[in-house]
Amino acid sequence: MLEVNRKPDIPEEGLAIAEAARRTGVSVHTLRYYERAGLVVTTLDRTAGGWRRYHRLDLDWILVCTRLRATGMPIRSIRRYAELVAAGRGNEQERLALLEAHRAEVTARLAEIQSNLALIDHKIDVYRGRLAAGDADQLWAPTPPG
């Protein structure tokens, strides 16, 4: 799995939720939500008092979830992916299909963003050129209806 920002090793007893939140860069609320929403692939350890304890596998998985969310994967798809991972071996083809479909969506969005960026770059070039030429006042500007 991907590595969470490598901080000092996690103690054998695990980390409290506040420290897990700090290390993963998500809020305590988000960690609790991930658990309630069925996005966690393991059963979190609990102390005798019922407090959650997070281990390396938990932190690594949270990083996967946050990266999938950051790329626009819906919670229901992350949940499905988590269910497949938690189920263990034998469903790798379905996991692959889910990730490939998401990758195609991300790639399409990136292409759209690149196209939009090209327009912005063009406009920047026009403004720089006009400013350098001293005729920026000739740039188009809407005129209010008369």
# chains A, B, ... in the order shown; residues from 1 in each chain; ligands from 1
$ select_by_dssp --residues "chain A" --states "alpha helix (DSSP H)" --output "PyMOL selection string"
chain A and resi 17-24+28-36+56-70+75-87+92-133
$ write_last_selection --atoms "C-alpha atoms" --output "mmCIF file, in the first residue's frame"
data_model
loop_
_atom_site.group_PDB
_atom_site.id
_atom_site.type_symbol
_atom_site.label_atom_id
_atom_site.label_comp_id
_atom_site.auth_asym_id
_atom_site.auth_seq_id
_atom_site.Cartn_x
_atom_site.Cartn_y
_atom_site.Cartn_z
ATOM 1 C CA ILE A 17 -7.993 8.798 16.879
ATOM 2 C CA ALA A 18 -6.556 12.307 17.316
ATOM 3 C CA GLU A 19 -3.054 11.133 16.424
ATOM 4 C CA ALA A 20 -4.382 9.043 13.522
ATOM 5 C CA ALA A 21 -6.188 12.137 12.239
ATOM 6 C CA ARG A 22 -3.027 14.215 12.530
ATOM 7 C CA ARG A 23 -0.932 11.649 10.693
ATOM 8 C CA THR A 24 -3.426 11.117 7.874
ATOM 9 C CA VAL A 28 -11.418 13.025 13.624
ATOM 10 C CA HIS A 29 -14.937 13.505 12.260
ATOM 11 C CA THR A 30 -13.824 12.133 8.866
ATOM 12 C CA LEU A 31 -12.229 9.074 10.467
ATOM 13 C CA ARG A 32 -15.443 8.324 12.330
ATOM 14 C CA TYR A 33 -17.465 8.907 9.169
ATOM 15 C CA TYR A 34 -15.264 6.508 7.168
ATOM 16 C CA GLU A 35 -15.939 3.824 9.744
ATOM 17 C CA ARG A 36 -19.715 4.471 9.826
ATOM 18 C CA ARG A 56 -0.333 1.127 10.092
ATOM 19 C CA LEU A 57 -2.764 -0.827 7.874
ATOM 20 C CA ASP A 58 -5.604 1.463 8.976
ATOM 21 C CA LEU A 59 -3.603 4.610 8.207
ATOM 22 C CA ASP A 60 -2.494 3.280 4.833
ATOM 23 C CA TRP A 61 -6.089 2.413 3.947
ATOM 24 C CA ILE A 62 -7.323 5.847 5.006
ATOM 25 C CA LEU A 63 -4.774 7.340 2.620
ATOM 26 C CA VAL A 64 -6.201 5.197 -0.199
ATOM 27 C CA CYS A 65 -9.721 6.393 0.645
ATOM 28 C CA THR A 66 -8.730 10.046 0.784
ATOM 29 C CA ARG A 67 -6.890 9.826 -2.534
ATOM 30 C CA LEU A 68 -9.852 8.120 -4.196
ATOM 31 C CA ARG A 69 -12.169 10.812 -2.810
ATOM 32 C CA ALA A 70 -9.775 13.561 -3.916
ATOM 33 C CA ILE A 75 -18.446 7.240 -1.517
ATOM 34 C CA ARG A 76 -20.588 4.348 -2.796
ATOM 35 C CA SER A 77 -17.745 3.276 -5.129
ATOM 36 C CA ILE A 78 -15.138 3.545 -2.381
ATOM 37 C CA ARG A 79 -17.468 1.519 -0.158
ATOM 38 C CA ARG A 80 -17.753 -1.149 -2.859
ATOM 39 C CA TYR A 81 -13.984 -1.208 -3.277
ATOM 40 C CA ALA A 82 -13.554 -1.518 0.508
ATOM 41 C CA GLU A 83 -16.076 -4.385 0.576
ATOM 42 C CA LEU A 84 -14.130 -6.204 -2.133
ATOM 43 C CA VAL A 85 -10.805 -5.682 -0.372
ATOM 44 C CA ALA A 86 -12.245 -6.758 2.973
ATOM 45 C CA ALA A 87 -13.739 -9.880 1.368
ATOM 46 C CA GLU A 92 -9.427 -9.058 -7.977
ATOM 47 C CA GLN A 93 -11.016 -8.750 -11.432
ATOM 48 C CA GLU A 94 -13.908 -6.728 -9.989
ATOM 49 C CA ARG A 95 -11.489 -4.524 -8.038
ATOM 50 C CA LEU A 96 -9.488 -3.947 -11.204
ATOM 51 C CA ALA A 97 -12.603 -3.085 -13.219
ATOM 52 C CA LEU A 98 -13.738 -0.607 -10.566
ATOM 53 C CA LEU A 99 -10.339 1.117 -10.496
ATOM 54 C CA GLU A 100 -10.009 1.137 -14.294
ATOM 55 C CA ALA A 101 -13.441 2.748 -14.669
ATOM 56 C CA HIS A 102 -12.504 5.403 -12.131
ATOM 57 C CA ARG A 103 -9.156 5.974 -13.843
ATOM 58 C CA ALA A 104 -10.950 6.553 -17.149
ATOM 59 C CA GLU A 105 -13.164 9.170 -15.490
ATOM 60 C CA VAL A 106 -10.169 10.894 -13.895
ATOM 61 C CA THR A 107 -8.294 10.857 -17.204
ATOM 62 C CA ALA A 108 -11.268 12.444 -18.985
ATOM 63 C CA ARG A 109 -11.479 15.173 -16.325
ATOM 64 C CA LEU A 110 -7.738 15.785 -16.615
ATOM 65 C CA ALA A 111 -8.062 16.184 -20.394
ATOM 66 C CA GLU A 112 -10.851 18.718 -19.877
ATOM 67 C CA ILE A 113 -8.771 20.587 -17.306
ATOM 68 C CA GLN A 114 -5.772 20.585 -19.703
ATOM 69 C CA SER A 115 -7.970 22.057 -22.426
ATOM 70 C CA ASN A 116 -9.214 24.742 -20.048
ATOM 71 C CA LEU A 117 -5.655 25.448 -18.952
ATOM 72 C CA ALA A 118 -4.611 25.881 -22.591
ATOM 73 C CA LEU A 119 -7.254 28.593 -22.989
ATOM 74 C CA ILE A 120 -6.025 30.331 -19.819
ATOM 75 C CA ASP A 121 -2.419 30.130 -21.076
ATOM 76 C CA HIS A 122 -3.493 31.630 -24.402
ATOM 77 C CA LYS A 123 -5.251 34.521 -22.654
ATOM 78 C CA ILE A 124 -2.190 35.134 -20.461
ATOM 79 C CA ASP A 125 0.016 35.230 -23.582
ATOM 80 C CA VAL A 126 -2.341 37.738 -25.239
ATOM 81 C CA TYR A 127 -2.325 40.023 -22.208
ATOM 82 C CA ARG A 128 1.461 39.827 -21.788
ATOM 83 C CA GLY A 129 1.954 40.574 -25.479
ATOM 84 C CA ARG A 130 -0.459 43.510 -25.477
ATOM 85 C CA LEU A 131 1.032 44.930 -22.290
ATOM 86 C CA ALA A 132 4.549 44.603 -23.716
ATOM 87 C CA ALA A 133 3.445 46.247 -26.973
#
$ atom_distance --atom1 "CA of Thr42 in chain A" --atom2 "CA of Gly14 in chain A"
13.6 Å
$ closest_residue --among "A:Leu39, A:Ser27, A:Gln138, A:Leu15" --to "Arg53 in chain A" --atoms "only C-alpha atoms"
A:Leu15
$ closest_residue --among "A:Pro74, A:Arg89, A:Gly38, A:Glu13" --to "Arg52 in chain A" --atoms "only C-alpha atoms"
A:Glu13
$ select_by_dssp --residues "chain A" --states "strand (DSSP E)" --output "number ranges by chain"
A: 45-46, 52-53
$ write_last_selection --atoms "all heavy atoms" --output "PDB file, in the first residue's frame"
ATOM      1  N   ASP A  45      -9.311  -1.751  16.136  1.00  0.00           N
ATOM      2  CA  ASP A  45      -9.099  -2.162  17.518  1.00  0.00           C
ATOM      3  C   ASP A  45      -9.719  -1.134  18.436  1.00  0.00           C
ATOM      4  O   ASP A  45      -9.849   0.037  18.087  1.00  0.00           O
ATOM      5  CB  ASP A  45      -7.598  -2.251  17.824  1.00  0.00           C
ATOM      6  CG  ASP A  45      -6.964  -3.515  17.282  1.00  0.00           C
ATOM      7  OD1 ASP A  45      -7.700  -4.447  16.921  1.00  0.00           O
ATOM      8  OD2 ASP A  45      -5.721  -3.554  17.228  1.00  0.00           O
ATOM      9  N   ARG A  46     -10.077  -1.578  19.621  1.00  0.00           N
ATOM     10  CA  ARG A  46     -10.631  -0.680  20.631  1.00  0.00           C
ATOM     11  C   ARG A  46      -9.925  -0.964  21.955  1.00  0.00           C
ATOM     12  O   ARG A  46      -9.543  -2.095  22.234  1.00  0.00           O
ATOM     13  CB  ARG A  46     -12.127  -0.906  20.805  1.00  0.00           C
ATOM     14  CG  ARG A  46     -12.934  -0.688  19.543  1.00  0.00           C
ATOM     15  CD  ARG A  46     -13.705   0.560  19.623  1.00  0.00           C
ATOM     16  NE  ARG A  46     -14.466   0.806  18.397  1.00  0.00           N
ATOM     17  CZ  ARG A  46     -15.148   1.899  18.221  1.00  0.00           C
ATOM     18  NH1 ARG A  46     -15.182   2.808  19.158  1.00  0.00           N
ATOM     19  NH2 ARG A  46     -15.803   2.096  17.111  1.00  0.00           N
ATOM     20  N   ARG A  52     -11.127   3.995  19.894  1.00  0.00           N
ATOM     21  CA  ARG A  52     -10.539   3.446  18.674  1.00  0.00           C
ATOM     22  C   ARG A  52      -9.013   3.494  18.752  1.00  0.00           C
ATOM     23  O   ARG A  52      -8.457   4.458  19.270  1.00  0.00           O
ATOM     24  CB  ARG A  52     -10.985   4.257  17.447  1.00  0.00           C
ATOM     25  CG  ARG A  52     -12.441   4.143  17.123  1.00  0.00           C
ATOM     26  CD  ARG A  52     -12.801   5.206  16.061  1.00  0.00           C
ATOM     27  NE  ARG A  52     -14.180   5.146  15.663  1.00  0.00           N
ATOM     28  CZ  ARG A  52     -15.179   5.747  16.301  1.00  0.00           C
ATOM     29  NH1 ARG A  52     -14.946   6.443  17.387  1.00  0.00           N
ATOM     30  NH2 ARG A  52     -16.413   5.651  15.861  1.00  0.00           N
ATOM     31  N   ARG A  53      -8.388   2.470  18.158  1.00  0.00           N
ATOM     32  CA  ARG A  53      -6.927   2.424  18.050  1.00  0.00           C
ATOM     33  C   ARG A  53      -6.589   2.125  16.600  1.00  0.00           C
ATOM     34  O   ARG A  53      -7.120   1.186  16.008  1.00  0.00           O
ATOM     35  CB  ARG A  53      -6.330   1.342  18.960  1.00  0.00           C
ATOM     36  CG  ARG A  53      -6.638   1.504  20.436  1.00  0.00           C
ATOM     37  CD  ARG A  53      -6.242   2.821  21.021  1.00  0.00           C
ATOM     38  NE  ARG A  53      -4.795   2.934  21.121  1.00  0.00           N
ATOM     39  CZ  ARG A  53      -4.165   3.984  21.607  1.00  0.00           C
ATOM     40  NH1 ARG A  53      -4.836   5.034  22.019  1.00  0.00           N
ATOM     41  NH2 ARG A  53      -2.868   4.009  21.670  1.00  0.00           N
TER      42      ARG A  53
END
$ closest_residue --among "A:His55, A:Trp140, A:Thr43, A:Met73" --to "Glu12 in chain A" --atoms "only C-alpha atoms"
A:His55
$ atom_distance --atom1 "CA of Gly90 in chain A" --atom2 "CA of Ala37 in chain A"
23.6 Å
$ atom_distance --atom1 "CA of Ala16 in chain A" --atom2 "CA of Ala48 in chain A"
12.9 Å
